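Engineer: Have a look at this one before I ask anything.
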Amino acid sequence: MLESTVWRQYHNNNDFRERLAECCVLDSIDLIEDDKELYGVMKAKLTKKELKLFAMDSAAVSDEKMKEEFSYTTEELEKAKFKLYKKFKQDKTRLSFRESSEH
């Protein structure tokens, strides 16, 4: 499951749930239970660039390699990371990852 995702290009397993919970300041138990559905919401809420940046940054890819990948300067990379992690903390994004009480 989820073998050909952007996340798996940089990680050996689908451990994005813990990292996502950490970034959104939520308990992982509150997140959507199904990994595939959760990844789908994450994909819908983030741009392709943001998703790739999240995967690379979570995998501790060097800043130099990320700058090369995205053609960013140091300042642009820092801004992109700041914007990404700020987005995770916004309620409109954060709350979309929560398991709804209707399930």
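By convention in this document, the chains of the structure tokens carry letters A, B, ... by their order, each chain's residues are numbered from 1, and ligands are numbered from 1 in the order they are shown.
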Please list as JSON, numbers by chain every residue within 12 Å of Leu95 (chain A), counting only C-alpha atoms and excluding residues in the same chain fewer than 3 positions away.
Structural biologist: {"A": [20, 21, 24, 25, 26, 27, 30, 31, 32, 38, 41, 42, 45, 87, 88, 89, 90, 91, 92, 98, 99, 100]}
Engineer: Produce a file of the selected residues containing N, CA and C atoms, as a PDB file, in the first residue's frame.
Structural biologist:
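Dumped to part.pdb:
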ATOM      1  N   LEU A  20       3.263  13.707  10.555  1.00  0.00           N
ATOM      2  CA  LEU A  20       2.136  14.591  10.283  1.00  0.00           C
ATOM      3  C   LEU A  20       1.480  15.047  11.589  1.00  0.00           C
ATOM      4  N   ALA A  21       1.271  14.127  12.498  1.00  0.00           N
ATOM      5  CA  ALA A  21       0.670  14.455  13.797  1.00  0.00           C
ATOM      6  C   ALA A  21       1.538  15.468  14.539  1.00  0.00           C
ATOM      7  N   CYS A  24       1.205  18.923  12.872  1.00  0.00           N
ATOM      8  CA  CYS A  24      -0.127  19.511  13.020  1.00  0.00           C
ATOM      9  C   CYS A  24      -0.511  19.712  14.485  1.00  0.00           C
ATOM     10  N   VAL A  25       0.360  19.310  15.380  1.00  0.00           N
ATOM     11  CA  VAL A  25       0.108  19.379  16.815  1.00  0.00           C
ATOM     12  C   VAL A  25      -1.199  18.656  17.148  1.00  0.00           C
ATOM     13  N   LEU A  26      -1.271  17.415  16.683  1.00  0.00           N
ATOM     14  CA  LEU A  26      -2.401  16.534  16.961  1.00  0.00           C
ATOM     15  C   LEU A  26      -1.849  15.207  17.469  1.00  0.00           C
ATOM     16  N   ASP A  27      -2.670  14.452  18.179  1.00  0.00           N
ATOM     17  CA  ASP A  27      -2.273  13.096  18.555  1.00  0.00           C
ATOM     18  C   ASP A  27      -2.507  12.209  17.342  1.00  0.00           C
ATOM     19  N   ASP A  30      -5.857  10.721  16.757  1.00  0.00           N
ATOM     20  CA  ASP A  30      -6.953  11.568  16.269  1.00  0.00           C
ATOM     21  C   ASP A  30      -6.984  11.676  14.744  1.00  0.00           C
ATOM     22  N   LEU A  31      -5.914  11.238  14.096  1.00  0.00           N
ATOM     23  CA  LEU A  31      -5.832  11.335  12.640  1.00  0.00           C
ATOM     24  C   LEU A  31      -6.734  10.297  11.976  1.00  0.00           C
ATOM     25  N   ILE A  32      -7.080  10.559  10.717  1.00  0.00           N
ATOM     26  CA  ILE A  32      -7.876   9.608   9.933  1.00  0.00           C
ATOM     27  C   ILE A  32      -7.205   8.241  10.026  1.00  0.00           C
ATOM     28  N   LEU A  38      -5.752   9.112   4.593  1.00  0.00           N
ATOM     29  CA  LEU A  38      -4.991  10.191   5.224  1.00  0.00           C
ATOM     30  C   LEU A  38      -3.983  10.782   4.247  1.00  0.00           C
ATOM     31  N   VAL A  41      -5.754  12.974   1.712  1.00  0.00           N
ATOM     32  CA  VAL A  41      -6.083  14.301   2.241  1.00  0.00           C
ATOM     33  C   VAL A  41      -4.828  15.166   2.261  1.00  0.00           C
ATOM     34  N   MET A  42      -3.717  14.577   2.688  1.00  0.00           N
ATOM     35  CA  MET A  42      -2.459  15.319   2.728  1.00  0.00           C
ATOM     36  C   MET A  42      -2.085  15.785   1.314  1.00  0.00           C
ATOM     37  N   LYS A  45      -4.280  18.716   0.306  1.00  0.00           N
ATOM     38  CA  LYS A  45      -4.057  19.963   1.042  1.00  0.00           C
ATOM     39  C   LYS A  45      -2.726  20.631   0.720  1.00  0.00           C
ATOM     40  N   LYS A  87       1.485  26.089   7.436  1.00  0.00           N
ATOM     41  CA  LYS A  87       0.253  25.569   6.818  1.00  0.00           C
ATOM     42  C   LYS A  87      -0.294  24.386   7.614  1.00  0.00           C
ATOM     43  N   PHE A  88       0.599  23.511   8.084  1.00  0.00           N
ATOM     44  CA  PHE A  88       0.183  22.351   8.872  1.00  0.00           C
ATOM     45  C   PHE A  88      -0.526  22.769  10.170  1.00  0.00           C
ATOM     46  N   LYS A  89      -0.152  23.912  10.704  1.00  0.00           N
ATOM     47  CA  LYS A  89      -0.715  24.353  11.987  1.00  0.00           C
ATOM     48  C   LYS A  89      -2.006  25.140  11.836  1.00  0.00           C
ATOM     49  N   GLN A  90      -2.344  25.531  10.600  1.00  0.00           N
ATOM     50  CA  GLN A  90      -3.585  26.266  10.375  1.00  0.00           C
ATOM     51  C   GLN A  90      -4.771  25.320  10.520  1.00  0.00           C
ATOM     52  N   ASP A  91      -5.815  25.786  11.204  1.00  0.00           N
ATOM     53  CA  ASP A  91      -6.975  24.935  11.458  1.00  0.00           C
ATOM     54  C   ASP A  91      -7.593  24.346  10.192  1.00  0.00           C
ATOM     55  N   LYS A  92      -7.669  25.152   9.124  1.00  0.00           N
ATOM     56  CA  LYS A  92      -8.316  24.635   7.902  1.00  0.00           C
ATOM     57  C   LYS A  92      -7.552  23.439   7.317  1.00  0.00           C
ATOM     58  N   ARG A  98      -8.134  15.161  10.764  1.00  0.00           N
ATOM     59  CA  ARG A  98      -8.765  14.497  11.901  1.00  0.00           C
ATOM     60  C   ARG A  98      -9.822  13.503  11.448  1.00  0.00           C
ATOM     61  N   GLU A  99      -9.935  12.428  12.182  1.00  0.00           N
ATOM     62  CA  GLU A  99     -10.984  11.440  11.945  1.00  0.00           C
ATOM     63  C   GLU A  99     -12.305  12.106  12.332  1.00  0.00           C
ATOM     64  N   SER A 100     -13.272  12.087  11.433  1.00  0.00           N
ATOM     65  CA  SER A 100     -14.560  12.717  11.771  1.00  0.00           C
ATOM     66  C   SER A 100     -15.334  11.791  12.709  1.00  0.00           C
TER      67      SER A 100
END
Engineer: Taking 6 positions as the minimum chain separation for residues in the same chain, which residues sit within 12 Å of Lys36 (chain A) when counting only C-alpha atoms? Answer as a compact mmCIF listing (two decimals) with C-alpha atoms, in the first residue's frame.
Structural biologist:
# COMPACT_ATOMS: atom_id res chain seq x y z
CA MET A 1 0.00 0.00 0.00
CA LEU A 2 1.23 3.49 -0.89
CA GLU A 3 4.46 2.09 -2.36
CA SER A 4 4.72 4.53 -5.25
CA THR A 5 4.12 7.76 -3.34
CA ASN A 14 4.78 4.68 5.46
CA PHE A 16 4.20 9.77 7.66
CA ARG A 17 1.37 9.53 10.24
CA MET A 42 -2.46 15.32 2.73
CA LYS A 43 -1.95 15.22 -1.05
CA PHE A 97 -6.58 15.34 8.90
Engineer: To one decimal place in Å, what is the distance between CA of Val61 (chain A) and CA of Asp35 (chain A)?
Structural biologist: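 The value is 23.3 Å.
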Engineer: Could you find all residues in chain A that DSSP calls helix (DSSP H, G or I) from the backbone, and write them as number ranges by chain?
Structural biologist: A: 6-10, 16-24, 28-30, 35-45, 48-58, 63-70, 74-89, 91-97
Engineer: CA of Thr73 (chain A) and CA of Asp15 (chain A) are how many Å apart?
Structural biologist: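 The value is 28.9 Å.
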Engineer: Return the single residue from A:Asp34, A:Glu50, A:Glu22, A:Glu64 that is closest to Val6 (chain A), with distances computed using only C-alpha atoms.
Structural biologist: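 Counting only C-alpha atoms, the residue closest to Val6 (chain A) is A:Glu50.
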Engineer: Smallest atom-to-atom distance to Gly40 (chain A): which of A:Gln9, A:Phe82, A:Glu76, A:Ser96, using only C-alpha atoms?
Structural biologist: A:Ser96
Engineer: Between A:Ser71, A:Asn12, A:Thr47, A:Ser62, single out the one closest to Leu84 (chain A), counting only C-alpha atoms.
Structural biologist: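 Among A:Ser71, A:Asn12, A:Thr47, A:Ser62, it is A:Thr47 that comes nearest to Leu84 (chain A).
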Engineer: For Lys79 (chain A), which residue among A:Leu53, A:Arg94, A:His11, A:Lys65 is the nearest when counting only C-alpha atoms?
Structural biologist: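 For Lys79 (chain A), the nearest of the candidates is A:Leu53.
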Engineer: Rounded to one decimal place, report the CA of Cys23 (chain A)-CA of Tyr85 (chain A) distance in Å.
Structural biologist: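 The value is 6.5 Å.
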